[in-house]
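Working notes, structure below.
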Amino acid sequence: MGILFTRIWRLFNHQEHKIIIVGLDNAGKNTILYQVSMNEVVHTSPTIGSNVEEIVINNTCFLMWDTGGQESLWSWNTYYTNTEFVIVAVDSTDREKISVTGEELYKMLAHEDVQKAGLLIFANKQDVKECMTIAEISQFLKLKKKDQQWHIQACCALPGKGLCQGLEWIVS
Ligand code: G3D
Ligand code: MG
């Protein structure tokens, strides 16, 4: 796994990139970033907004926050400029909250600054029996109606399964 990630990071070319990673609390954002950083300690700046974390891996800056809940009162759009990709982490086991993720995504993509960004959806926790399939999640999030480029990737962030494929889509 480490070798694969190393290869992918090399493809990022050590140029500066900006990627936003969002999702409801508990979706697996921290787990995903921990895996793709190859378990290395990554620089986490003191929160730049009250609920925003900044993690830099090989010149790529990840801004991460929880969507939904009370934090929605925050105006996240201050962080949207120059975003190349938006990664959305979805807890595939949580059928009740998938519509909230859909609404949050809809609100976010209404902003000009992220409309051209590529959209990568990680359908996480695919190891759990009877979780939603990527087809179901695509439908709930109305991905086919989105204007920008998107890709949905089934994954299991705990062992890191599927994360490479998602990042490969970004690199390509
Ligand atoms: P967040 O950063 O989006 O809030 P976390 O989410 O990365 O903190 O993960 C939330 C919980 O989901 C964690 O459980 C984590 O271990 C679990 N999780 C993450 N990825 C997977 C996965 O692929 N499969 C399963 N089954 N669980 C996963 P805990 O219990 O540590 O809070
Ligand atoms: Mg968290």
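FYI, nothing fancy with the structure tokens labels: chains A, B, ... in order, residues from 1 per chain, ligands from 1 as they appear.
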If you count only C-alpha atoms and all ligand atoms, which residues end up within 10 Å of ligand 2, as a ChimeraX atom specification? /A:22-31,51,53,64-66
Please write out the residues within 12 Å of ligand 1 as a PyMOL selection string, counting only C-alpha atoms and all ligand atoms. chain A and resi 21-35+51-53+64-68+87-94+101+122-131+154-163
Identify which of the residues A:Gln139, A:Asn58, A:Gln165, A:Gln115 lies closest to A:Ser99, counting only C-alpha atoms when measuring atom-to-atom distances. A:Gln139
So that I can see what lies close to A:Lys142, please list as a PyMOL selection string the residues with an atom at most 12 Å from it, counting only C-alpha atoms and leaving out residues fewer than 5 positions away in the same chain. chain A and resi 98-99+101-103+105-106+121+134-137+147+150+152
Which residues come within 10 Å of stretch 76-80 of chain A, counting only C-alpha atoms, excluding same-chain residues fewer than 5 positions away, as a list in words?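 Non-adjacent residues within range: Lys18, Ile19, Ile20, Ile48, Gly49, Asn51, Val52, Leu63, Trp65, Thr67, Glu71, Val86, Met108, His111, Glu112, Asp113, Val114, Gln115 and Ala117 of chain A.
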Written selection (N, CA and C atoms) as a compact mmCIF listing (two decimals), in the first residue's frame:
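Result file again11.txt:
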```txt
# COMPACT_ATOMS: atom_id res chain seq x y z
N LYS A 18 -4.59 22.23 -3.93
CA LYS A 18 -5.52 22.43 -2.82
C LYS A 18 -6.74 21.54 -2.98
N ILE A 19 -7.00 20.77 -1.97
CA ILE A 19 -8.10 19.84 -1.99
C ILE A 19 -8.93 20.03 -0.71
N ILE A 20 -10.22 20.09 -0.90
CA ILE A 20 -11.10 20.19 0.27
C ILE A 20 -11.67 18.81 0.56
N ILE A 48 -7.52 26.83 11.35
CA ILE A 48 -7.54 28.16 10.75
C ILE A 48 -8.91 28.80 10.85
N GLY A 49 -9.90 27.98 10.93
CA GLY A 49 -11.23 28.49 11.29
C GLY A 49 -11.59 27.64 12.47
N ASN A 51 -13.51 25.21 12.98
CA ASN A 51 -13.67 23.77 12.78
C ASN A 51 -12.94 23.25 11.56
N VAL A 52 -12.02 24.07 11.04
CA VAL A 52 -11.30 23.67 9.83
C VAL A 52 -9.91 23.19 10.19
N LEU A 63 -7.84 20.86 3.15
CA LEU A 63 -8.64 21.55 4.16
C LEU A 63 -9.81 20.64 4.49
N TRP A 65 -13.21 19.70 6.99
CA TRP A 65 -14.17 20.05 8.04
C TRP A 65 -15.40 19.16 7.97
N THR A 67 -19.27 18.63 7.69
CA THR A 67 -20.46 19.33 7.21
C THR A 67 -21.66 18.90 8.05
N GLU A 71 -22.31 23.33 12.67
CA GLU A 71 -21.22 24.01 11.96
C GLU A 71 -21.68 24.58 10.63
N VAL A 86 -12.72 18.48 -4.67
CA VAL A 86 -13.49 18.34 -3.44
C VAL A 86 -13.67 16.84 -3.22
N MET A 108 -22.87 23.57 -1.20
CA MET A 108 -21.47 23.87 -1.46
C MET A 108 -21.23 24.15 -2.95
N HIS A 111 -21.55 27.41 -5.03
CA HIS A 111 -20.54 28.47 -5.05
C HIS A 111 -19.63 28.35 -6.26
N GLU A 112 -19.45 29.49 -6.89
CA GLU A 112 -18.66 29.56 -8.12
C GLU A 112 -17.26 28.95 -7.94
N ASP A 113 -16.63 29.24 -6.81
CA ASP A 113 -15.24 28.82 -6.60
C ASP A 113 -15.03 27.32 -6.62
N VAL A 114 -16.07 26.56 -6.36
CA VAL A 114 -15.89 25.10 -6.35
C VAL A 114 -16.60 24.41 -7.51
N GLN A 115 -17.26 25.21 -8.34
CA GLN A 115 -18.02 24.60 -9.43
C GLN A 115 -17.14 23.92 -10.47
N ALA A 117 -14.24 22.55 -9.67
CA ALA A 117 -13.40 21.55 -9.00
C ALA A 117 -13.91 20.14 -9.33
```
